[in-house]
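Below is one structure; the comments refer to it alone.
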Amino acid sequence: MTRPLQALRFWCAVAMLGGATACHHAEPYEKPLTPVLVGEVRRQAVERPLRYSAAIEPQTRLDLAFRVGGYVTSLAAVGGRTLEDGDRVTAGMVLATVRQQDYDEKIAQAQSQLAEATAARTAAEQAVERARALYASRSLTKPDLDQAVATLASIDAKMSGARGLVAEAQLAKGDASLKTPMGGVILKKLVEVGSLVGPGTPGFVIADTRSVKVVIGVPDTMLGRFPLGAVEVVQTEAQPDRRYEGRVTSISPTADLKSRLFEVQLTLGNADGALKPGMVATVDVSDTRAAGAAPEEALAVPLSAIVRAPGGAAGYAVFVVDSRDGASTAHRRTVTLGQLLGNEIVVASGLTGGEQVILQGASIVADGERVNPTR
């Protein structure tokens, strides 16, 4: 092949390659607009609740005290150890025992006196029978017979007293065992083995926590909101996600002289024992329903419109859509949230009525991004 022919082919190949490159030149890539659902910020009726705080109290609380004195010799055992705070006990259970030797001695003394009186009565009864026989045969005077009868009556009185001493000593021995009249939970154990107690010394504090109560102070203007049997939602700081139903079971007939508030008691079921005495509880009640006033209005948006504040900072934001010249742009705006209203939430600040916000798709949009809004 001659050189002119080779050169001709080379330049033809170059021309063809250049044409192919020109034919496959791509236009700059443009990201499609993100489709989002947009809605107008609107106002909703909002009831401003009144919050009442109180402590959880046991429905029944009992302070158990010793009726007799002495040294504590034993305490009840639960699970192989001595009874402690928080343990559950049953009705009739012996919680503590005072040394019984002293009371055994008193019983023995009283029984000895009763035996002596019984023996003396037998002799006195025989003496009366003889005196009556002698008096019948005119061998004994009337005063002597009366003396024998009086002696028998005196011994009967001593016997009665001795029986009373025996019963009293036995009762004291029984009281040496401190029993609980009800089942419940030990809130406080106040004695230990070896403690010296006297009559009336507190030993244990027991509570029946199968149901608990909350007592709140209510002004007279709100009493109509709490009829007997009404059910209110009660929450605790220890379990903020759990809601309890508290039923109004008692209303004080008079107001407190200092606070001028009426005590309202709400009873809550506590079968699982999750509510502990001393927990802080809150009761949220709307004052507008009680007074008959119209509820306030506030701006609200769906929960799906809420995103985190920019830069990972604490707080929340929404995307506001600005439509100009046929283009819609999303701008992130920090907001302050308020009361939860079902699937929506109040926006306390950061928005004005009538603005368009992204209701769905806010989590995939960037600040300043153009979007394709649908309504």
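All residue names refer to the structure tokens as shown: chains lettered A, B, ... in order, residues numbered from 1 in each chain, ligands numbered from 1 in order.
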Inset, instruction - Determine, counting only C-alpha atoms, which protein, DNA and RNA residues have an atom within 10 Å of an atom of region 348-352 of chain A; residues of the same chain fewer than 3 positions away are not included. Present the result as a PyMOL selection string. - result: chain A and resi 40-43+298-300+317-318+320+333-339+345+355-357
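The residue set within 9 Å of Leu152 (chain A), counting only C-alpha atoms and dropping same-chain residues fewer than 5 places from it, reads A:Ala120, A:Arg121, A:Thr122, A:Ala123, A:Ala124, A:Glu125, A:Ala127, A:Val128, A:Gln147, A:Ala157.
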For the residues in the current selection, export all heavy atoms as a compact mmCIF listing (two decimals), in the first residue's frame.
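Done, and the output landed in again-v9.txt:
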# COMPACT_ATOMS: atom_id res chain seq x y z
N ALA A 120 -59.36 -23.64 148.81
CA ALA A 120 -59.99 -22.97 149.94
C ALA A 120 -61.51 -22.99 149.79
O ALA A 120 -62.25 -23.12 150.79
CB ALA A 120 -59.49 -21.53 150.04
N ARG A 121 -62.02 -22.88 148.57
CA ARG A 121 -63.46 -22.91 148.37
C ARG A 121 -64.03 -24.26 148.73
O ARG A 121 -65.15 -24.36 149.27
CB ARG A 121 -63.80 -22.55 146.92
CG ARG A 121 -65.30 -22.36 146.72
CD ARG A 121 -65.68 -22.17 145.29
NE ARG A 121 -67.06 -21.79 145.16
CZ ARG A 121 -68.11 -22.61 145.36
NH1 ARG A 121 -67.90 -23.88 145.71
NH2 ARG A 121 -69.35 -22.15 145.24
N THR A 122 -63.31 -25.34 148.37
CA THR A 122 -63.80 -26.68 148.71
C THR A 122 -63.96 -26.83 150.22
O THR A 122 -65.00 -27.33 150.71
CB THR A 122 -62.81 -27.74 148.19
OG1 THR A 122 -62.70 -27.62 146.78
CG2 THR A 122 -63.30 -29.14 148.53
N ALA A 123 -62.96 -26.34 150.98
CA ALA A 123 -63.04 -26.41 152.45
C ALA A 123 -64.16 -25.52 152.96
O ALA A 123 -64.92 -25.90 153.88
CB ALA A 123 -61.71 -25.99 153.06
N ALA A 124 -64.30 -24.33 152.39
CA ALA A 124 -65.34 -23.41 152.85
C ALA A 124 -66.72 -23.94 152.53
O ALA A 124 -67.68 -23.77 153.31
CB ALA A 124 -65.14 -22.04 152.20
N GLU A 125 -66.86 -24.60 151.38
CA GLU A 125 -68.16 -25.17 151.02
C GLU A 125 -68.55 -26.28 151.99
O GLU A 125 -69.73 -26.39 152.40
CB GLU A 125 -68.08 -25.70 149.59
CG GLU A 125 -69.43 -26.14 149.02
CD GLU A 125 -69.34 -26.56 147.57
OE1 GLU A 125 -68.21 -26.76 147.06
OE2 GLU A 125 -70.41 -26.68 146.94
N ALA A 127 -67.54 -26.46 155.07
CA ALA A 127 -67.84 -25.81 156.35
C ALA A 127 -69.25 -25.25 156.35
O ALA A 127 -69.97 -25.32 157.38
CB ALA A 127 -66.82 -24.70 156.61
N VAL A 128 -69.70 -24.73 155.25
CA VAL A 128 -71.06 -24.20 155.18
C VAL A 128 -72.08 -25.33 155.32
O VAL A 128 -73.12 -25.18 156.01
CB VAL A 128 -71.25 -23.44 153.85
CG1 VAL A 128 -72.74 -23.13 153.65
CG2 VAL A 128 -70.45 -22.15 153.85
N GLN A 147 -71.49 -16.42 159.22
CA GLN A 147 -70.06 -16.26 159.07
C GLN A 147 -69.48 -17.27 158.09
O GLN A 147 -68.64 -16.96 157.25
CB GLN A 147 -69.37 -16.40 160.43
CG GLN A 147 -67.85 -16.23 160.39
CD GLN A 147 -67.41 -14.85 159.93
OE1 GLN A 147 -68.04 -13.85 160.30
NE2 GLN A 147 -66.35 -14.79 159.12
N ALA A 157 -65.13 -14.82 145.50
CA ALA A 157 -64.63 -13.58 144.91
C ALA A 157 -63.14 -13.69 144.58
O ALA A 157 -62.67 -13.22 143.54
CB ALA A 157 -64.87 -12.41 145.87
Legend entry - Near-region 257-268 of chain A list (8 Å; only C-alpha atoms; drop same-chain fewer than 4 positions) as a ChimeraX atom specification: /A:59,211-220,223,226,244-253
Prev. selection, N, CA and C atoms, output as a compact mmCIF listing (two decimals), in the first residue's frame:
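Once everything was written out, this is part.txt:
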# COMPACT_ATOMS: atom_id res chain seq x y z
N GLN A 59 -53.97 3.02 99.61
CA GLN A 59 -55.38 3.15 99.93
C GLN A 59 -55.62 2.95 101.43
N SER A 211 -54.67 -1.16 95.65
CA SER A 211 -55.20 0.07 95.05
C SER A 211 -54.55 1.22 95.79
N VAL A 212 -54.31 2.32 95.08
CA VAL A 212 -53.67 3.49 95.67
C VAL A 212 -54.54 4.71 95.40
N LYS A 213 -54.17 5.81 96.01
CA LYS A 213 -54.98 7.01 95.85
C LYS A 213 -54.09 8.23 95.62
N VAL A 214 -54.69 9.23 94.99
CA VAL A 214 -54.06 10.53 94.78
C VAL A 214 -55.02 11.57 95.31
N VAL A 215 -54.53 12.45 96.16
CA VAL A 215 -55.37 13.51 96.74
C VAL A 215 -54.87 14.85 96.22
N ILE A 216 -55.74 15.58 95.54
CA ILE A 216 -55.38 16.88 94.96
C ILE A 216 -56.25 17.97 95.58
N GLY A 217 -55.71 19.18 95.60
CA GLY A 217 -56.46 20.34 96.08
C GLY A 217 -57.12 21.07 94.93
N VAL A 218 -58.43 21.24 94.98
CA VAL A 218 -59.20 21.81 93.87
C VAL A 218 -59.95 23.06 94.35
N PRO A 219 -59.90 24.16 93.60
CA PRO A 219 -60.68 25.34 93.99
C PRO A 219 -62.17 25.09 93.77
N ASP A 220 -62.98 25.91 94.42
CA ASP A 220 -64.43 25.71 94.34
C ASP A 220 -64.96 25.86 92.92
N LEU A 223 -64.82 22.38 91.24
CA LEU A 223 -65.42 21.21 91.87
C LEU A 223 -66.42 20.52 90.95
N PHE A 226 -65.34 17.50 88.98
CA PHE A 226 -64.97 16.26 89.65
C PHE A 226 -66.17 15.62 90.36
N TYR A 244 -52.91 6.01 83.76
CA TYR A 244 -53.78 5.29 84.69
C TYR A 244 -55.13 5.99 84.77
N GLU A 245 -56.15 5.21 85.03
CA GLU A 245 -57.49 5.77 85.22
C GLU A 245 -57.75 5.93 86.71
N GLY A 246 -57.93 7.17 87.13
CA GLY A 246 -58.23 7.46 88.52
C GLY A 246 -59.70 7.84 88.67
N ARG A 247 -60.41 7.13 89.54
CA ARG A 247 -61.83 7.38 89.75
C ARG A 247 -62.02 8.22 91.01
N VAL A 248 -62.82 9.27 90.89
CA VAL A 248 -63.09 10.14 92.04
C VAL A 248 -63.92 9.38 93.05
N THR A 249 -63.35 9.15 94.24
CA THR A 249 -64.03 8.36 95.28
C THR A 249 -64.37 9.18 96.52
N SER A 250 -63.82 10.38 96.64
CA SER A 250 -64.10 11.18 97.83
C SER A 250 -63.87 12.65 97.53
N ILE A 251 -64.76 13.50 98.07
CA ILE A 251 -64.63 14.95 97.95
C ILE A 251 -64.83 15.54 99.34
N SER A 252 -63.87 16.34 99.76
CA SER A 252 -63.96 16.95 101.08
C SER A 252 -65.18 17.87 101.16
N PRO A 253 -65.95 17.78 102.26
CA PRO A 253 -67.13 18.65 102.36
C PRO A 253 -66.79 20.09 102.68
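For the residues A:Leu62, A:Val321, A:Ala115, A:Leu134, ranking by smallest atom-to-atom distance to Met182 (chain A) using only C-alpha atoms places A:Leu62 first.
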Inset, instruction - Please indicate the distance in Å from CA of Ala153 (chain A) to CA of Thr118 (chain A), rounded to one decimal place. - result: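 CA of Thr118 (chain A) lies 12.3 Å from CA of Ala153 (chain A).
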Inset, instruction - Between CA of Gly79 (chain A) and CA of Val197 (chain A), measure the distance and give it in Å to one decimal. - result: 26.0 Å
Inset, instruction - Would you mind telling me which residue in A:Gly86, A:Gly200, A:Gly361, A:Pro240 lies nearest to Gly184 (chain A) when using only C-alpha atoms? - result: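 The closest residue to Gly184 (chain A) is A:Gly86.
In this structure, CA of Thr236 (chain A) sits 15.9 Å away from CA of Thr209 (chain A).
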